[in-house]
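Colleague: My structure is stored as model_9.csv, with CSV, C-alpha atoms.
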chain,number,residue,atom,x,y,z
A,1,MET,CA,-6.0,-15.9,-6.0
A,2,ASP,CA,-7.5,-16.7,-2.6
A,3,THR,CA,-10.4,-14.7,-1.4
A,4,THR,CA,-11.6,-14.2,2.1
A,5,ALA,CA,-14.0,-17.1,1.7
A,6,ASP,CA,-11.1,-19.3,0.6
A,7,VAL,CA,-9.2,-18.8,3.9
A,8,PRO,CA,-11.0,-20.5,6.7
A,9,GLY,CA,-11.4,-18.2,9.7
A,10,ALA,CA,-9.0,-15.6,8.3
A,11,ARG,CA,-11.3,-12.7,8.3
A,12,ARG,CA,-14.3,-14.1,10.1
A,13,THR,CA,-12.3,-14.2,13.3
A,14,GLN,CA,-11.3,-10.5,12.9
A,15,ASP,CA,-14.8,-9.5,12.0
A,16,ARG,CA,-16.1,-10.5,15.5
A,17,PRO,CA,-16.2,-7.8,18.1
A,18,ARG,CA,-12.9,-7.9,20.1
A,19,ARG,CA,-12.5,-7.3,23.8
A,20,PRO,CA,-10.1,-4.5,24.9
A,21,ARG,CA,-7.5,-7.2,25.8
A,22,SER,CA,-7.8,-8.7,22.4
A,23,ILE,CA,-7.4,-5.3,20.8
A,24,ARG,CA,-4.3,-4.6,22.8
A,25,ALA,CA,-2.9,-8.0,21.8
A,26,HIS,CA,-3.7,-7.3,18.1
A,27,ASP,CA,-2.0,-3.9,18.3
A,28,ALA,CA,1.0,-5.4,20.1
A,29,VAL,CA,1.5,-8.0,17.3
A,30,LEU,CA,1.3,-5.4,14.6
A,31,ALA,CA,3.8,-3.1,16.4
A,32,ALA,CA,6.2,-6.0,16.9
A,33,THR,CA,5.9,-7.1,13.3
A,34,SER,CA,6.6,-3.6,12.1
A,35,ALA,CA,9.7,-3.4,14.2
A,36,LEU,CA,10.9,-6.8,13.1
A,37,MET,CA,10.4,-5.9,9.4
A,38,ARG,CA,12.6,-2.8,9.8
A,39,GLU,CA,15.2,-4.7,11.7
A,40,VAL,CA,15.5,-8.0,9.9
A,41,GLY,CA,13.4,-7.7,6.7
A,42,THR,CA,10.4,-9.8,5.9
A,43,ALA,CA,12.5,-13.0,5.5
A,44,GLY,CA,13.6,-12.7,9.1
A,45,VAL,CA,10.1,-12.4,10.5
A,46,THR,CA,8.7,-15.5,12.1
A,47,ILE,CA,5.6,-16.1,14.2
A,48,ASP,CA,7.9,-17.1,17.1
A,49,ARG,CA,9.8,-13.9,16.9
A,50,VAL,CA,6.6,-11.9,16.7
A,51,ALA,CA,5.3,-13.7,19.7
A,52,GLY,CA,8.5,-13.1,21.7
A,53,ARG,CA,8.6,-9.4,20.8
A,54,SER,CA,4.8,-8.8,21.4
A,55,GLY,CA,4.3,-11.0,24.4
A,56,VAL,CA,1.3,-12.6,22.6
A,57,SER,CA,1.2,-16.3,22.4
A,58,THR,CA,1.5,-18.1,19.0
A,59,ALA,CA,-1.9,-19.7,19.6
A,60,THR,CA,-3.5,-16.2,19.9
A,61,ILE,CA,-1.6,-14.9,16.9
A,62,TYR,CA,-3.0,-17.8,14.8
A,63,LYS,CA,-6.5,-17.0,15.9
A,64,HIS,CA,-6.2,-13.6,14.1
A,65,TRP,CA,-3.9,-14.4,11.1
A,66,PRO,CA,-3.3,-17.5,9.0
A,67,CYS,CA,0.4,-16.9,8.4
A,68,LYS,CA,3.2,-14.4,8.9
A,69,ALA,CA,2.7,-12.6,5.5
A,70,ALA,CA,-0.9,-11.8,6.6
A,71,ILE,CA,0.4,-10.1,9.7
A,72,MET,CA,3.1,-8.2,7.7
A,73,ALA,CA,0.6,-7.0,5.2
A,74,GLU,CA,-1.7,-5.5,7.9
A,75,ALA,CA,1.3,-4.0,9.8
A,76,PHE,CA,2.8,-2.4,6.7
A,77,GLY,CA,-0.6,-1.1,5.6
A,78,ARG,CA,-1.0,0.6,9.0
A,79,ASP,CA,2.5,2.0,8.8
A,80,ALA,CA,2.0,3.4,5.3
A,81,ALA,CA,-1.2,5.1,6.4
A,82,GLU,CA,0.6,6.9,9.3
A,83,ALA,CA,3.6,7.9,7.2
A,84,VAL,CA,2.0,9.5,4.2
A,85,VAL,CA,-0.2,12.6,4.8
A,86,PHE,CA,-3.0,13.8,2.6
A,87,PRO,CA,-2.3,17.1,0.9
A,88,ASP,CA,-5.3,19.5,0.5
A,89,THR,CA,-4.2,22.7,-1.3
A,90,GLY,CA,-7.4,23.1,-3.3
A,91,ARG,CA,-5.5,22.3,-6.5
A,92,PRO,CA,-6.6,18.7,-7.2
A,93,VAL,CA,-4.0,17.8,-9.9
A,94,GLU,CA,-1.1,19.1,-7.8
A,95,ASP,CA,-2.5,17.3,-4.7
A,96,LEU,CA,-2.8,14.1,-6.8
A,97,VAL,CA,0.8,14.3,-8.0
A,98,THR,CA,2.1,15.2,-4.5
A,99,PHE,CA,0.2,12.4,-2.8
A,100,ALA,CA,1.2,9.8,-5.3
A,101,THR,CA,4.8,10.9,-5.2
A,102,ASP,CA,5.0,10.9,-1.4
A,103,LEU,CA,3.4,7.4,-1.3
A,104,LEU,CA,5.8,6.0,-3.9
A,105,THR,CA,8.8,7.7,-2.3
A,106,TYR,CA,7.8,6.1,1.0
A,107,TYR,CA,8.0,2.7,-0.6
A,108,THR,CA,11.6,3.4,-1.5
A,109,SER,CA,12.6,4.6,2.0
A,110,PRO,CA,14.3,2.5,4.6
A,111,GLU,CA,10.9,2.2,6.5
A,112,GLY,CA,8.9,1.5,3.4
A,113,GLY,CA,11.5,-0.6,1.6
A,114,VAL,CA,9.9,-3.9,2.6
A,115,PHE,CA,7.2,-3.2,0.0
A,116,GLY,CA,8.9,-5.4,-2.6
A,117,GLN,CA,9.7,-8.1,-0.1
A,118,LEU,CA,6.1,-8.0,1.1
A,119,LEU,CA,4.9,-8.6,-2.5
A,120,ALA,CA,7.1,-11.6,-2.8
A,121,ALA,CA,6.0,-12.9,0.6
A,122,CYS,CA,2.4,-12.7,-0.3
A,123,ALA,CA,3.0,-14.6,-3.5
A,124,THR,CA,4.5,-17.5,-1.6
A,125,GLU,CA,1.8,-17.5,1.1
A,126,PRO,CA,-1.5,-17.3,-0.8
A,127,GLN,CA,-3.4,-17.1,2.5
A,128,ALA,CA,-2.1,-13.6,2.9
A,129,ALA,CA,-3.7,-12.3,-0.3
A,130,PRO,CA,-7.0,-11.1,1.4
A,131,TYR,CA,-5.0,-9.3,4.0
A,132,PHE,CA,-2.7,-7.7,1.4
A,133,HIS,CA,-5.8,-6.5,-0.5
A,134,GLU,CA,-7.8,-5.3,2.5
A,135,PHE,CA,-5.1,-3.6,4.6
A,136,PHE,CA,-2.6,-2.5,1.9
A,137,LEU,CA,-3.9,-2.2,-1.6
A,138,ALA,CA,-7.5,-1.2,-1.0
A,139,PRO,CA,-6.7,1.7,1.4
A,140,ARG,CA,-4.0,3.1,-1.0
A,141,ARG,CA,-6.4,3.0,-3.9
A,142,ALA,CA,-9.3,4.5,-1.9
A,143,ALA,CA,-7.0,7.3,-0.8
A,144,LEU,CA,-6.2,8.3,-4.3
A,145,GLU,CA,-9.8,8.2,-5.5
A,146,PRO,CA,-11.0,11.6,-4.0
A,147,TYR,CA,-8.1,13.4,-5.7
A,148,TRP,CA,-9.0,12.0,-9.1
A,149,ASP,CA,-12.7,12.7,-8.4
A,150,ARG,CA,-11.9,16.4,-7.6
A,151,ALA,CA,-9.9,16.8,-10.7
A,152,ALA,CA,-12.7,15.2,-12.7
A,153,GLU,CA,-15.3,17.6,-11.2
A,154,ALA,CA,-13.0,20.5,-12.1
A,155,GLY,CA,-13.0,19.3,-15.7
A,156,LEU,CA,-9.3,18.5,-15.7
A,157,THR,CA,-9.4,14.8,-16.6
A,158,ARG,CA,-10.0,12.9,-19.8
A,159,ARG,CA,-13.7,11.8,-20.0
A,160,GLY,CA,-14.3,8.2,-19.3
A,161,VAL,CA,-11.1,7.6,-17.2
A,162,ASP,CA,-12.1,6.4,-13.8
A,163,ALA,CA,-10.2,6.6,-10.5
A,164,ALA,CA,-9.3,2.9,-10.6
A,165,THR,CA,-7.7,3.1,-14.0
A,166,ALA,CA,-5.9,6.3,-13.1
A,167,THR,CA,-4.5,4.7,-10.0
A,168,ASP,CA,-3.1,1.7,-11.9
A,169,VAL,CA,-1.4,4.0,-14.4
A,170,LEU,CA,0.0,6.3,-11.7
A,171,LEU,CA,1.4,3.6,-9.5
A,172,GLY,CA,2.1,0.9,-12.1
A,173,ALA,CA,5.3,2.3,-13.6
A,174,LEU,CA,6.9,2.9,-10.2
A,175,ALA,CA,6.0,-0.6,-8.9
A,176,PHE,CA,7.7,-2.0,-12.0
A,177,ARG,CA,10.8,0.1,-11.5
A,178,LEU,CA,10.8,-0.8,-7.8
A,179,MET,CA,10.7,-4.6,-8.5
A,180,ALA,CA,13.1,-4.5,-11.5
A,181,GLY,CA,15.6,-2.1,-10.0
A,182,HIS,CA,16.8,-1.0,-13.4
A,183,GLU,CA,16.5,2.8,-12.8
A,184,SER,CA,16.8,5.4,-10.1
A,185,LEU,CA,14.1,5.7,-7.4
A,186,ALA,CA,15.2,9.1,-6.1
A,187,PRO,CA,12.3,11.4,-5.1
A,188,GLU,CA,12.7,13.6,-8.2
A,189,GLU,CA,12.6,10.6,-10.5
A,190,VAL,CA,9.5,9.3,-8.7
A,191,ARG,CA,7.8,12.6,-9.2
A,192,LYS,CA,8.8,12.6,-12.9
A,193,LEU,CA,7.2,9.2,-13.3
A,194,VAL,CA,4.0,10.3,-11.7
A,195,GLU,CA,3.8,13.5,-13.8
A,196,TYR,CA,4.5,11.6,-17.1
A,197,ALA,CA,1.9,9.0,-16.2
A,198,LEU,CA,-0.6,11.8,-15.4
A,199,HIS,CA,0.1,14.0,-18.3
A,200,GLY,CA,1.1,11.5,-21.0
A,201,LEU,CA,4.2,10.9,-23.1
A,202,LEU,CA,3.0,12.0,-26.5
A,203,VAL,CA,2.7,15.6,-27.7
A,204,PRO,CA,-0.8,16.7,-28.6
A,205,ALA,CA,-2.0,15.7,-32.0
A,206,ALA,CA,-2.2,19.3,-33.2
A,207,ASP,CA,1.4,20.0,-32.2
A,208,ALA,CA,2.6,16.7,-33.7
A,209,ALA,CA,1.1,17.7,-37.1
A,210,GLN,CA,3.2,20.9,-37.1
A,211,THR,CA,6.4,19.1,-36.4
A,212,PRO,CA,8.6,19.0,-39.6
Output the file's structure in the form of structure tokens.
Modeller:
Amino acid sequence: MDTTADVPGARRTQDRPRRPRSIRAHDAVLAATSALMREVGTAGVTIDRVAGRSGVSTATIYKHWPCKAAIMAEAFGRDAAEAVVFPDTGRPVEDLVTFATDLLTYYTSPEGGVFGQLLAACATEPQAAPYFHEFFLAPRRAALEPYWDRAAEAGLTRRGVDAATATDVLLGALAFRLMAGHESLAPEEVRKLVEYALHGLLVPAADAAQTP
């Protein structure tokens, strides 16, 4: 998989301080891309369409992103951050379940439904991989980490299971169902998947031993 270093200029350009005009152009491109993804899906997004909608030239767009999937990854990551709030009830396990459920439910909504399309687009445009990781995957994983840490501090988690492993388990089943499309993705089913992933599928050993 490509890394930042493998994509000439992909992140180095963005790492440079940007002038206010450049920031406005950057935001305009992301807003236009978000709107186009909702209207025509990822397959219908093109650099020319983004340029036309945003008023930013294609030359400027290519200074910031190497391909359209990179723009879509950043735009969708920003949309997801704005759409899913962070619960804080003081009950770490319940907050963890609620946040994971809300995040996964968003991925199945009309606004978040491009998630699966975006995965496919990044697979066909390897230059987008660093953007997908930086703007989409990494923030989602980082957002879940404090919830797991709070639960661990409260003595509610299994010893030795870190936040990264917990995140993979919590989100992996839903991602598979989303891509395969073989079962319901209704909010109550999403919550059930999260709770099963969190609490496990097997009865405790002591209870199993008593089962005739």
Colleague: Tell me which residues come within 12 Å of (3.8, 4.4, -4.4), as a PyMOL selection string, counting only C-alpha atoms in the file's coordinates.
Modeller: chain A and resi 80-81+84+96-109+112-113+115-116+136-137+140-141+143-144+167-178+185+187+190-191+193-194
Colleague: Figure out the distance between atom CA of A:Ala75 and atom CA of A:Ala25, please, to one decimal in Å.
Modeller: 13.3 Å
Colleague: Pick out the residues sitting within 8 Å of A:Ser34, and hand them over as an mmCIF file with C-alpha atoms, in the coordinates of the input; count all atoms listed in the file, and ignore anything fewer than 4 positions along from it in its own chain.
Modeller:
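Contents of result_15.cif, freshly written:
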data_model
loop_
_atom_site.group_PDB
_atom_site.id
_atom_site.type_symbol
_atom_site.label_atom_id
_atom_site.label_comp_id
_atom_site.auth_asym_id
_atom_site.auth_seq_id
_atom_site.Cartn_x
_atom_site.Cartn_y
_atom_site.Cartn_z
ATOM 1 C CA LEU A 30 1.300 -5.400 14.600
ATOM 2 C CA ARG A 38 12.600 -2.800 9.800
ATOM 3 C CA MET A 72 3.100 -8.200 7.700
ATOM 4 C CA ALA A 75 1.300 -4.000 9.800
ATOM 5 C CA PHE A 76 2.800 -2.400 6.700
ATOM 6 C CA ASP A 79 2.500 2.000 8.800
#
Colleague: Tell me which protein, DNA and RNA residues are within 8 Å of A:Ala166, counting all atoms listed in the file, leaving out same-chain ones fewer than 4 positions away, and put them as a VMD selection string.
Modeller: chain A and resid 148 161 to 162 170 198
Colleague: How many Å separate atom CA of A:Gly181 from atom CA of A:Lys68?
Modeller: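 Separation between atom CA of A:Gly181 and atom CA of A:Lys68: 25.7 Å.
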Colleague: Just give me the gap between atom CA of A:Pro92 and atom CA of A:Arg150 in Å, one decimal is fine.
Modeller: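 According to the coordinates, atom CA of A:Pro92 and atom CA of A:Arg150 are separated by 5.8 Å.
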Colleague: Set the distance at 8 Å and use all atoms listed in the file: which residues neighbour A:Leu118 once local chain neighbours fewer than 2 positions away are removed? I'd like the list as a PyMOL selection string.
Modeller: chain A and resi 42+69+72-73+114-116+120-122
Colleague: Would you kindly return, as a PyMOL selection string, each protein, DNA or RNA residue with an atom no farther than 8 Å from any atom of A:Tyr131, considering all atoms listed in the file and excluding same-chain residues fewer than 6 positions away?
Modeller: chain A and resi 70-71+73-74
